[in-house]
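Dumped target05.cif below, it's mmCIF, N, CA and C atoms:
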data_start
#
loop_
_atom_site.label_atom_id
_atom_site.label_comp_id
_atom_site.auth_asym_id
_atom_site.auth_seq_id
_atom_site.Cartn_x
_atom_site.Cartn_y
_atom_site.Cartn_z
N MET C 957 11.37 3.89 -19.03
CA MET C 957 11.60 5.17 -18.39
C MET C 957 12.51 4.94 -17.18
N ARG C 958 13.26 5.93 -16.83
CA ARG C 958 14.13 5.84 -15.66
C ARG C 958 13.35 6.15 -14.39
N ILE C 959 13.97 5.86 -13.27
CA ILE C 959 13.29 5.99 -11.97
C ILE C 959 12.86 7.43 -11.70
N GLY C 960 13.66 8.41 -12.13
CA GLY C 960 13.28 9.81 -11.91
C GLY C 960 12.01 10.19 -12.63
N GLU C 961 11.86 9.71 -13.86
CA GLU C 961 10.65 9.99 -14.62
C GLU C 961 9.45 9.30 -13.99
N LEU C 962 9.64 8.04 -13.55
CA LEU C 962 8.54 7.33 -12.89
C LEU C 962 8.13 8.06 -11.62
N SER C 963 9.09 8.54 -10.89
CA SER C 963 8.81 9.31 -9.68
C SER C 963 8.01 10.56 -10.01
N GLN C 964 8.43 11.27 -11.02
CA GLN C 964 7.75 12.50 -11.43
C GLN C 964 6.32 12.21 -11.88
N ARG C 965 6.13 11.16 -12.64
CA ARG C 965 4.81 10.86 -13.20
C ARG C 965 3.84 10.30 -12.16
N THR C 966 4.35 9.72 -11.09
CA THR C 966 3.48 9.12 -10.08
C THR C 966 3.41 9.93 -8.78
N GLY C 967 4.35 10.85 -8.59
CA GLY C 967 4.39 11.61 -7.34
C GLY C 967 4.95 10.80 -6.18
N VAL C 968 5.61 9.69 -6.48
CA VAL C 968 6.19 8.82 -5.45
C VAL C 968 7.70 9.00 -5.51
N SER C 969 8.33 9.14 -4.35
CA SER C 969 9.77 9.38 -4.31
C SER C 969 10.55 8.20 -4.87
N THR C 970 11.74 8.49 -5.36
CA THR C 970 12.59 7.42 -5.88
C THR C 970 12.92 6.42 -4.78
N ARG C 971 13.07 6.91 -3.57
CA ARG C 971 13.35 6.01 -2.44
C ARG C 971 12.22 5.00 -2.25
N LEU C 972 10.98 5.47 -2.31
CA LEU C 972 9.83 4.56 -2.18
C LEU C 972 9.75 3.60 -3.35
N LEU C 973 10.05 4.08 -4.55
CA LEU C 973 10.02 3.20 -5.71
C LEU C 973 11.03 2.06 -5.55
N ARG C 974 12.22 2.38 -5.04
CA ARG C 974 13.22 1.34 -4.78
C ARG C 974 12.71 0.36 -3.73
N TYR C 975 12.04 0.89 -2.70
CA TYR C 975 11.47 0.05 -1.65
C TYR C 975 10.42 -0.90 -2.24
N TYR C 976 9.54 -0.36 -3.09
CA TYR C 976 8.53 -1.21 -3.73
C TYR C 976 9.20 -2.34 -4.51
N GLU C 977 10.29 -2.02 -5.15
CA GLU C 977 11.01 -3.03 -5.91
C GLU C 977 11.59 -4.09 -4.96
N GLN C 978 12.18 -3.65 -3.86
CA GLN C 978 12.73 -4.59 -2.87
C GLN C 978 11.65 -5.51 -2.31
N GLN C 979 10.43 -4.99 -2.19
CA GLN C 979 9.33 -5.76 -1.63
C GLN C 979 8.65 -6.65 -2.66
N GLY C 980 9.11 -6.62 -3.90
CA GLY C 980 8.54 -7.46 -4.94
C GLY C 980 7.25 -6.91 -5.53
N LEU C 981 6.99 -5.62 -5.35
CA LEU C 981 5.78 -5.00 -5.86
C LEU C 981 5.96 -4.40 -7.25
N LEU C 982 7.19 -4.09 -7.58
CA LEU C 982 7.50 -3.37 -8.81
C LEU C 982 8.76 -3.97 -9.41
N GLY C 983 8.77 -4.12 -10.71
CA GLY C 983 9.94 -4.69 -11.37
C GLY C 983 10.58 -3.71 -12.32
N SER C 984 11.88 -3.87 -12.53
CA SER C 984 12.60 -3.05 -13.49
C SER C 984 13.67 -3.90 -14.13
N GLU C 985 14.19 -3.37 -15.21
CA GLU C 985 15.36 -3.98 -15.85
C GLU C 985 16.50 -3.00 -15.69
N ARG C 986 17.71 -3.47 -15.90
CA ARG C 986 18.88 -2.60 -15.79
C ARG C 986 19.48 -2.35 -17.16
N ASP C 987 19.82 -1.08 -17.40
CA ASP C 987 20.57 -0.73 -18.60
C ASP C 987 22.00 -1.22 -18.45
N SER C 988 22.77 -1.14 -19.53
CA SER C 988 24.17 -1.56 -19.47
C SER C 988 24.97 -0.71 -18.48
N ASN C 989 24.50 0.52 -18.22
CA ASN C 989 25.18 1.38 -17.25
C ASN C 989 24.65 1.19 -15.83
N GLY C 990 23.71 0.26 -15.64
CA GLY C 990 23.19 -0.06 -14.32
C GLY C 990 21.96 0.71 -13.90
N TYR C 991 21.51 1.68 -14.71
CA TYR C 991 20.31 2.44 -14.38
C TYR C 991 19.07 1.56 -14.50
N ARG C 992 18.13 1.80 -13.60
CA ARG C 992 16.86 1.08 -13.67
C ARG C 992 16.04 1.62 -14.85
N ARG C 993 15.33 0.71 -15.50
CA ARG C 993 14.40 1.05 -16.58
C ARG C 993 13.06 0.40 -16.26
N TYR C 994 12.01 1.20 -16.28
CA TYR C 994 10.67 0.71 -15.98
C TYR C 994 9.82 0.77 -17.24
N PRO C 995 8.92 -0.20 -17.40
CA PRO C 995 8.01 -0.15 -18.56
C PRO C 995 6.91 0.90 -18.31
N GLU C 996 6.23 1.28 -19.35
CA GLU C 996 5.14 2.25 -19.25
C GLU C 996 4.08 1.80 -18.25
N ALA C 997 3.83 0.49 -18.18
CA ALA C 997 2.81 -0.05 -17.27
C ALA C 997 3.16 0.18 -15.80
N ALA C 998 4.40 0.55 -15.50
CA ALA C 998 4.80 0.79 -14.11
C ALA C 998 4.04 1.97 -13.50
N VAL C 999 3.66 2.93 -14.33
CA VAL C 999 2.91 4.09 -13.81
C VAL C 999 1.60 3.62 -13.18
N GLU C 1000 0.85 2.82 -13.91
CA GLU C 1000 -0.42 2.31 -13.39
C GLU C 1000 -0.18 1.42 -12.18
N ARG C 1001 0.86 0.60 -12.23
CA ARG C 1001 1.15 -0.31 -11.12
C ARG C 1001 1.44 0.47 -9.84
N VAL C 1002 2.21 1.55 -9.95
CA VAL C 1002 2.50 2.38 -8.77
C VAL C 1002 1.21 3.00 -8.24
N HIS C 1003 0.33 3.44 -9.13
CA HIS C 1003 -0.95 3.99 -8.68
C HIS C 1003 -1.77 2.93 -7.92
N ARG C 1004 -1.76 1.68 -8.41
CA ARG C 1004 -2.48 0.61 -7.71
C ARG C 1004 -1.85 0.34 -6.34
N ILE C 1005 -0.52 0.33 -6.29
CA ILE C 1005 0.18 0.11 -5.01
C ILE C 1005 -0.23 1.20 -4.02
N ARG C 1006 -0.23 2.45 -4.46
CA ARG C 1006 -0.60 3.57 -3.58
C ARG C 1006 -2.06 3.44 -3.13
N GLU C 1007 -2.93 3.04 -4.04
CA GLU C 1007 -4.35 2.87 -3.72
C GLU C 1007 -4.52 1.83 -2.60
N LEU C 1008 -3.81 0.72 -2.72
CA LEU C 1008 -3.91 -0.35 -1.73
C LEU C 1008 -3.24 0.04 -0.42
N LEU C 1009 -2.12 0.75 -0.48
CA LEU C 1009 -1.49 1.24 0.75
C LEU C 1009 -2.40 2.23 1.47
N ASP C 1010 -3.05 3.12 0.70
CA ASP C 1010 -3.98 4.09 1.29
C ASP C 1010 -5.15 3.40 1.98
N ALA C 1011 -5.48 2.19 1.53
CA ALA C 1011 -6.56 1.42 2.15
C ALA C 1011 -6.07 0.69 3.41
N GLY C 1012 -4.79 0.86 3.74
CA GLY C 1012 -4.27 0.28 4.97
C GLY C 1012 -3.66 -1.10 4.83
N MET C 1013 -3.44 -1.54 3.61
CA MET C 1013 -2.87 -2.87 3.41
C MET C 1013 -1.35 -2.83 3.51
N THR C 1014 -0.79 -3.95 3.94
CA THR C 1014 0.66 -4.06 4.02
C THR C 1014 1.23 -4.42 2.65
N THR C 1015 2.53 -4.22 2.49
CA THR C 1015 3.15 -4.58 1.22
C THR C 1015 3.06 -6.08 0.99
N GLU C 1016 3.08 -6.87 2.05
CA GLU C 1016 2.95 -8.32 1.90
C GLU C 1016 1.59 -8.70 1.31
N VAL C 1017 0.54 -8.08 1.82
CA VAL C 1017 -0.81 -8.33 1.31
C VAL C 1017 -0.92 -7.81 -0.12
N ILE C 1018 -0.38 -6.64 -0.36
CA ILE C 1018 -0.45 -6.04 -1.70
C ILE C 1018 0.21 -6.94 -2.72
N ARG C 1019 1.34 -7.53 -2.37
CA ARG C 1019 2.05 -8.41 -3.31
C ARG C 1019 1.12 -9.51 -3.80
N THR C 1020 0.27 -10.04 -2.93
CA THR C 1020 -0.62 -11.13 -3.33
C THR C 1020 -1.81 -10.61 -4.15
N LEU C 1021 -2.15 -9.33 -3.98
CA LEU C 1021 -3.31 -8.76 -4.67
C LEU C 1021 -2.99 -8.14 -6.02
N LEU C 1022 -1.75 -7.83 -6.28
CA LEU C 1022 -1.42 -7.11 -7.52
C LEU C 1022 -1.92 -7.79 -8.79
N PRO C 1023 -1.93 -9.12 -8.87
CA PRO C 1023 -2.51 -9.72 -10.08
C PRO C 1023 -3.99 -9.38 -10.27
N CYS C 1024 -4.69 -9.06 -9.18
CA CYS C 1024 -6.12 -8.70 -9.25
C CYS C 1024 -6.32 -7.19 -9.40
N ALA C 1025 -5.22 -6.43 -9.47
CA ALA C 1025 -5.31 -4.96 -9.49
C ALA C 1025 -4.86 -4.40 -10.83
N GLN C 1026 -5.21 -5.05 -11.90
CA GLN C 1026 -4.80 -4.61 -13.24
C GLN C 1026 -5.97 -3.93 -13.94
N GLY C 1027 -5.65 -3.00 -14.80
CA GLY C 1027 -6.67 -2.40 -15.67
C GLY C 1027 -7.50 -1.31 -15.05
N GLY C 1028 -6.98 -0.60 -14.07
CA GLY C 1028 -7.70 0.53 -13.51
C GLY C 1028 -7.90 0.41 -12.03
N PRO C 1029 -8.57 1.40 -11.46
CA PRO C 1029 -8.76 1.42 -10.01
C PRO C 1029 -9.54 0.20 -9.52
N GLY C 1030 -9.38 -0.10 -8.25
CA GLY C 1030 -10.09 -1.22 -7.66
C GLY C 1030 -9.44 -2.55 -7.96
N LEU C 1031 -10.16 -3.60 -7.68
CA LEU C 1031 -9.66 -4.96 -7.85
C LEU C 1031 -10.61 -5.78 -8.71
N LEU C 1032 -10.04 -6.68 -9.48
CA LEU C 1032 -10.86 -7.65 -10.20
C LEU C 1032 -11.43 -8.63 -9.19
N THR C 1033 -12.65 -9.05 -9.40
CA THR C 1033 -13.28 -9.99 -8.49
C THR C 1033 -12.75 -11.39 -8.75
N CYS C 1034 -12.15 -11.96 -7.73
CA CYS C 1034 -11.71 -13.35 -7.76
C CYS C 1034 -11.77 -13.85 -6.32
N SER C 1035 -11.72 -15.13 -6.12
CA SER C 1035 -11.86 -15.65 -4.76
C SER C 1035 -10.79 -15.08 -3.83
N HIS C 1036 -9.58 -14.88 -4.35
CA HIS C 1036 -8.50 -14.35 -3.51
C HIS C 1036 -8.78 -12.91 -3.10
N SER C 1037 -9.17 -12.06 -4.06
CA SER C 1037 -9.40 -10.66 -3.71
C SER C 1037 -10.58 -10.52 -2.75
N VAL C 1038 -11.62 -11.31 -2.93
CA VAL C 1038 -12.77 -11.26 -2.03
C VAL C 1038 -12.34 -11.65 -0.61
N GLN C 1039 -11.57 -12.73 -0.51
CA GLN C 1039 -11.10 -13.19 0.80
C GLN C 1039 -10.22 -12.15 1.48
N VAL C 1040 -9.28 -11.57 0.73
CA VAL C 1040 -8.37 -10.58 1.32
C VAL C 1040 -9.14 -9.34 1.76
N LEU C 1041 -10.06 -8.86 0.93
CA LEU C 1041 -10.84 -7.68 1.32
C LEU C 1041 -11.69 -7.96 2.55
N ASP C 1042 -12.29 -9.14 2.61
CA ASP C 1042 -13.08 -9.50 3.80
C ASP C 1042 -12.19 -9.51 5.05
N GLU C 1043 -10.99 -10.08 4.94
CA GLU C 1043 -10.06 -10.11 6.08
C GLU C 1043 -9.63 -8.71 6.48
N GLN C 1044 -9.33 -7.87 5.49
CA GLN C 1044 -8.88 -6.50 5.79
C GLN C 1044 -10.01 -5.69 6.43
N LEU C 1045 -11.22 -5.84 5.92
CA LEU C 1045 -12.36 -5.14 6.52
C LEU C 1045 -12.60 -5.60 7.96
N ALA C 1046 -12.49 -6.89 8.21
CA ALA C 1046 -12.66 -7.41 9.58
C ALA C 1046 -11.59 -6.84 10.50
N ARG C 1047 -10.36 -6.74 10.00
CA ARG C 1047 -9.26 -6.18 10.81
C ARG C 1047 -9.54 -4.72 11.16
N VAL C 1048 -10.01 -3.94 10.19
CA VAL C 1048 -10.31 -2.53 10.44
C VAL C 1048 -11.48 -2.41 11.42
N GLU C 1049 -12.49 -3.25 11.29
CA GLU C 1049 -13.62 -3.20 12.21
C GLU C 1049 -13.19 -3.54 13.63
N GLU C 1050 -12.27 -4.49 13.79
CA GLU C 1050 -11.73 -4.81 15.12
C GLU C 1050 -10.97 -3.61 15.69
N GLN C 1051 -10.18 -2.96 14.86
CA GLN C 1051 -9.44 -1.79 15.31
C GLN C 1051 -10.39 -0.66 15.72
N MET C 1052 -11.47 -0.49 14.96
CA MET C 1052 -12.44 0.55 15.29
C MET C 1052 -13.14 0.23 16.61
N ALA C 1053 -13.47 -1.02 16.84
CA ALA C 1053 -14.11 -1.42 18.10
C ALA C 1053 -13.17 -1.18 19.27
N GLU C 1054 -11.89 -1.50 19.09
CA GLU C 1054 -10.90 -1.28 20.15
C GLU C 1054 -10.75 0.21 20.44
N LEU C 1055 -10.74 1.04 19.41
CA LEU C 1055 -10.67 2.48 19.61
C LEU C 1055 -11.91 3.00 20.33
N GLU C 1056 -13.06 2.46 20.00
CA GLU C 1056 -14.30 2.87 20.68
C GLU C 1056 -14.24 2.51 22.17
N ARG C 1057 -13.72 1.29 22.49
CA ARG C 1057 -13.57 0.90 23.90
C ARG C 1057 -12.62 1.86 24.63
N LYS C 1058 -11.54 2.25 23.98
CA LYS C 1058 -10.59 3.18 24.58
C LYS C 1058 -11.21 4.56 24.77
N ARG C 1059 -12.00 5.00 23.79
CA ARG C 1059 -12.67 6.30 23.91
C ARG C 1059 -13.63 6.31 25.09
N GLU C 1060 -14.39 5.23 25.22
CA GLU C 1060 -15.33 5.13 26.33
C GLU C 1060 -14.59 5.10 27.67
N ALA C 1061 -13.48 4.39 27.74
CA ALA C 1061 -12.69 4.33 28.98
C ALA C 1061 -12.14 5.71 29.33
N LEU C 1062 -11.69 6.45 28.33
CA LEU C 1062 -11.19 7.80 28.59
C LEU C 1062 -12.32 8.73 29.06
N ALA C 1063 -13.49 8.59 28.48
CA ALA C 1063 -14.64 9.42 28.85
C ALA C 1063 -15.09 9.14 30.28
N ARG C 1064 -14.87 7.91 30.77
CA ARG C 1064 -15.28 7.55 32.13
C ARG C 1064 -14.29 8.05 33.19
N LEU C 1065 -13.09 8.40 32.78
CA LEU C 1065 -12.10 8.86 33.76
C LEU C 1065 -12.57 10.16 34.40
N GLU C 1066 -12.43 10.22 35.72
CA GLU C 1066 -12.81 11.41 36.45
C GLU C 1066 -11.60 12.29 36.67
N LEU C 1067 -11.80 13.56 36.51
CA LEU C 1067 -10.74 14.52 36.86
C LEU C 1067 -11.03 15.03 38.25
N ARG C 1068 -10.02 14.98 39.12
CA ARG C 1068 -10.17 15.47 40.48
C ARG C 1068 -9.31 16.73 40.63
N PRO C 1069 -9.71 17.58 41.52
CA PRO C 1069 -8.89 18.78 41.77
C PRO C 1069 -7.51 18.35 42.29
N ALA C 1070 -6.49 19.08 41.91
CA ALA C 1070 -5.12 18.76 42.34
C ALA C 1070 -4.89 19.16 43.77
#
Write out the structure in this file as structure tokens.
Amino acid sequence: MRIGELSQRTGVSTRLLRYYEQQGLLGSERDSNGYRRYPEAAVERVHRIRELLDAGMTTEVIRTLLPCAQGGPGLLTCSHSVQVLDEQLARVEEQMAELERKREALARLELRPA
């Protein structure tokens, strides 16, 4: 399928699909006229990429996880996927703790009359 059809079927812009390809997340072949051609499996792959991006992962992390993201939503259990998920969860928990500290600091600020 061409990039326009993949875009239509996944709801992802052609610009993003090209970006995914540049990042090594998605592969295509070229027709003799230079147009990109994607296999049918690209639809599921784009859905997995979006799922992992929505979870806050970077394209670099996603590239390493894609082999574990085949055959439907979620990830196959392997030592790599477990390690990456543990690291990502720890990162999110640190961010949440930092936001809580900032919230508390803002709540402690006193407003004085001008």
Please expand the PyMOL selection byres ((chain C and resi 957-971) around 5) into the concrete residues it hits in this file, giving the result as a compact mmCIF listing (two decimals) with N, CA and C atoms, in the frame of the given file.
# COMPACT_ATOMS: atom_id res chain seq x y z
N LEU C 972 10.98 5.47 -2.31
CA LEU C 972 9.83 4.56 -2.18
C LEU C 972 9.75 3.60 -3.35
N LEU C 973 10.05 4.08 -4.55
CA LEU C 973 10.02 3.20 -5.71
C LEU C 973 11.03 2.06 -5.55
N ARG C 974 12.22 2.38 -5.04
CA ARG C 974 13.22 1.34 -4.78
C ARG C 974 12.71 0.36 -3.73
N TYR C 975 12.04 0.89 -2.70
CA TYR C 975 11.47 0.05 -1.65
C TYR C 975 10.42 -0.90 -2.24
N ARG C 992 18.13 1.80 -13.60
CA ARG C 992 16.86 1.08 -13.67
C ARG C 992 16.04 1.62 -14.85
N ARG C 993 15.33 0.71 -15.50
CA ARG C 993 14.40 1.05 -16.58
C ARG C 993 13.06 0.40 -16.26
N TYR C 994 12.01 1.20 -16.28
CA TYR C 994 10.67 0.71 -15.98
C TYR C 994 9.82 0.77 -17.24
Checklist entry - In chain C, what's helix (DSSP H, G or I) per DSSP? Answer as a ChimeraX atom specification? => result /C:959-966,970-978,998-1010,1015-1024,1035-1064
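Neighbours of Arg1004 in chain C closer than or equal to 7 Å, with only N, CA and C atoms counted and sequence neighbours fewer than 2 positions away skipped, come out as C:Val999, C:Glu1000, C:Arg1001, C:Val1002, C:Arg1006, C:Glu1007, C:Leu1008, C:Leu1009, C:Ala1025, C:Gly1028, C:Pro1029, C:Gly1030.
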Next on the checklist: Could you tell me how far atom C of Asp987 in chain C sits from atom N of Arg1019 in chain C, in Å to one decimal place?
Outcome noted: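 The value is 26.9 Å.
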Item to check | Selection dump of the PyMOL selection byres ((chain C and resi 1037-1054) around 8), as JSON, numbers by chain | outcome: {"C": [1012, 1013, 1017, 1020, 1021, 1024, 1031, 1032, 1033, 1034, 1035, 1036, 1055, 1056, 1057, 1058, 1059, 1060]}
Would you output that residue set with N, CA and C atoms, as an mmCIF file, in the frame of the given file?
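After the write, part.cif holds the following:
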data_model
loop_
_atom_site.group_PDB
_atom_site.id
_atom_site.type_symbol
_atom_site.label_atom_id
_atom_site.label_comp_id
_atom_site.auth_asym_id
_atom_site.auth_seq_id
_atom_site.Cartn_x
_atom_site.Cartn_y
_atom_site.Cartn_z
ATOM 1 N N GLY C 1012 -4.790 0.860 3.740
ATOM 2 C CA GLY C 1012 -4.270 0.280 4.970
ATOM 3 C C GLY C 1012 -3.660 -1.100 4.830
ATOM 4 N N MET C 1013 -3.440 -1.540 3.610
ATOM 5 C CA MET C 1013 -2.870 -2.870 3.410
ATOM 6 C C MET C 1013 -1.350 -2.830 3.510
ATOM 7 N N VAL C 1017 0.540 -8.080 1.820
ATOM 8 C CA VAL C 1017 -0.810 -8.330 1.310
ATOM 9 C C VAL C 1017 -0.920 -7.810 -0.120
ATOM 10 N N THR C 1020 0.270 -10.040 -2.930
ATOM 11 C CA THR C 1020 -0.620 -11.130 -3.330
ATOM 12 C C THR C 1020 -1.810 -10.610 -4.150
ATOM 13 N N LEU C 1021 -2.150 -9.330 -3.980
ATOM 14 C CA LEU C 1021 -3.310 -8.760 -4.670
ATOM 15 C C LEU C 1021 -2.990 -8.140 -6.020
ATOM 16 N N CYS C 1024 -4.690 -9.060 -9.180
ATOM 17 C CA CYS C 1024 -6.120 -8.700 -9.250
ATOM 18 C C CYS C 1024 -6.320 -7.190 -9.400
ATOM 19 N N LEU C 1031 -10.160 -3.600 -7.680
ATOM 20 C CA LEU C 1031 -9.660 -4.960 -7.850
ATOM 21 C C LEU C 1031 -10.610 -5.780 -8.710
ATOM 22 N N LEU C 1032 -10.040 -6.680 -9.480
ATOM 23 C CA LEU C 1032 -10.860 -7.650 -10.200
ATOM 24 C C LEU C 1032 -11.430 -8.630 -9.190
ATOM 25 N N THR C 1033 -12.650 -9.050 -9.400
ATOM 26 C CA THR C 1033 -13.280 -9.990 -8.490
ATOM 27 C C THR C 1033 -12.750 -11.390 -8.750
ATOM 28 N N CYS C 1034 -12.150 -11.960 -7.730
ATOM 29 C CA CYS C 1034 -11.710 -13.350 -7.760
ATOM 30 C C CYS C 1034 -11.770 -13.850 -6.320
ATOM 31 N N SER C 1035 -11.720 -15.130 -6.120
ATOM 32 C CA SER C 1035 -11.860 -15.650 -4.760
ATOM 33 C C SER C 1035 -10.790 -15.080 -3.830
ATOM 34 N N HIS C 1036 -9.580 -14.880 -4.350
ATOM 35 C CA HIS C 1036 -8.500 -14.350 -3.510
ATOM 36 C C HIS C 1036 -8.780 -12.910 -3.100
ATOM 37 N N LEU C 1055 -10.740 1.040 19.410
ATOM 38 C CA LEU C 1055 -10.670 2.480 19.610
ATOM 39 C C LEU C 1055 -11.910 3.000 20.330
ATOM 40 N N GLU C 1056 -13.060 2.460 20.000
ATOM 41 C CA GLU C 1056 -14.300 2.870 20.680
ATOM 42 C C GLU C 1056 -14.240 2.510 22.170
ATOM 43 N N ARG C 1057 -13.720 1.290 22.490
ATOM 44 C CA ARG C 1057 -13.570 0.900 23.900
ATOM 45 C C ARG C 1057 -12.620 1.860 24.630
ATOM 46 N N LYS C 1058 -11.540 2.250 23.980
ATOM 47 C CA LYS C 1058 -10.590 3.180 24.580
ATOM 48 C C LYS C 1058 -11.210 4.560 24.770
ATOM 49 N N ARG C 1059 -12.000 5.000 23.790
ATOM 50 C CA ARG C 1059 -12.670 6.300 23.910
ATOM 51 C C ARG C 1059 -13.630 6.310 25.090
ATOM 52 N N GLU C 1060 -14.390 5.230 25.220
ATOM 53 C CA GLU C 1060 -15.330 5.130 26.330
ATOM 54 C C GLU C 1060 -14.590 5.100 27.670
#
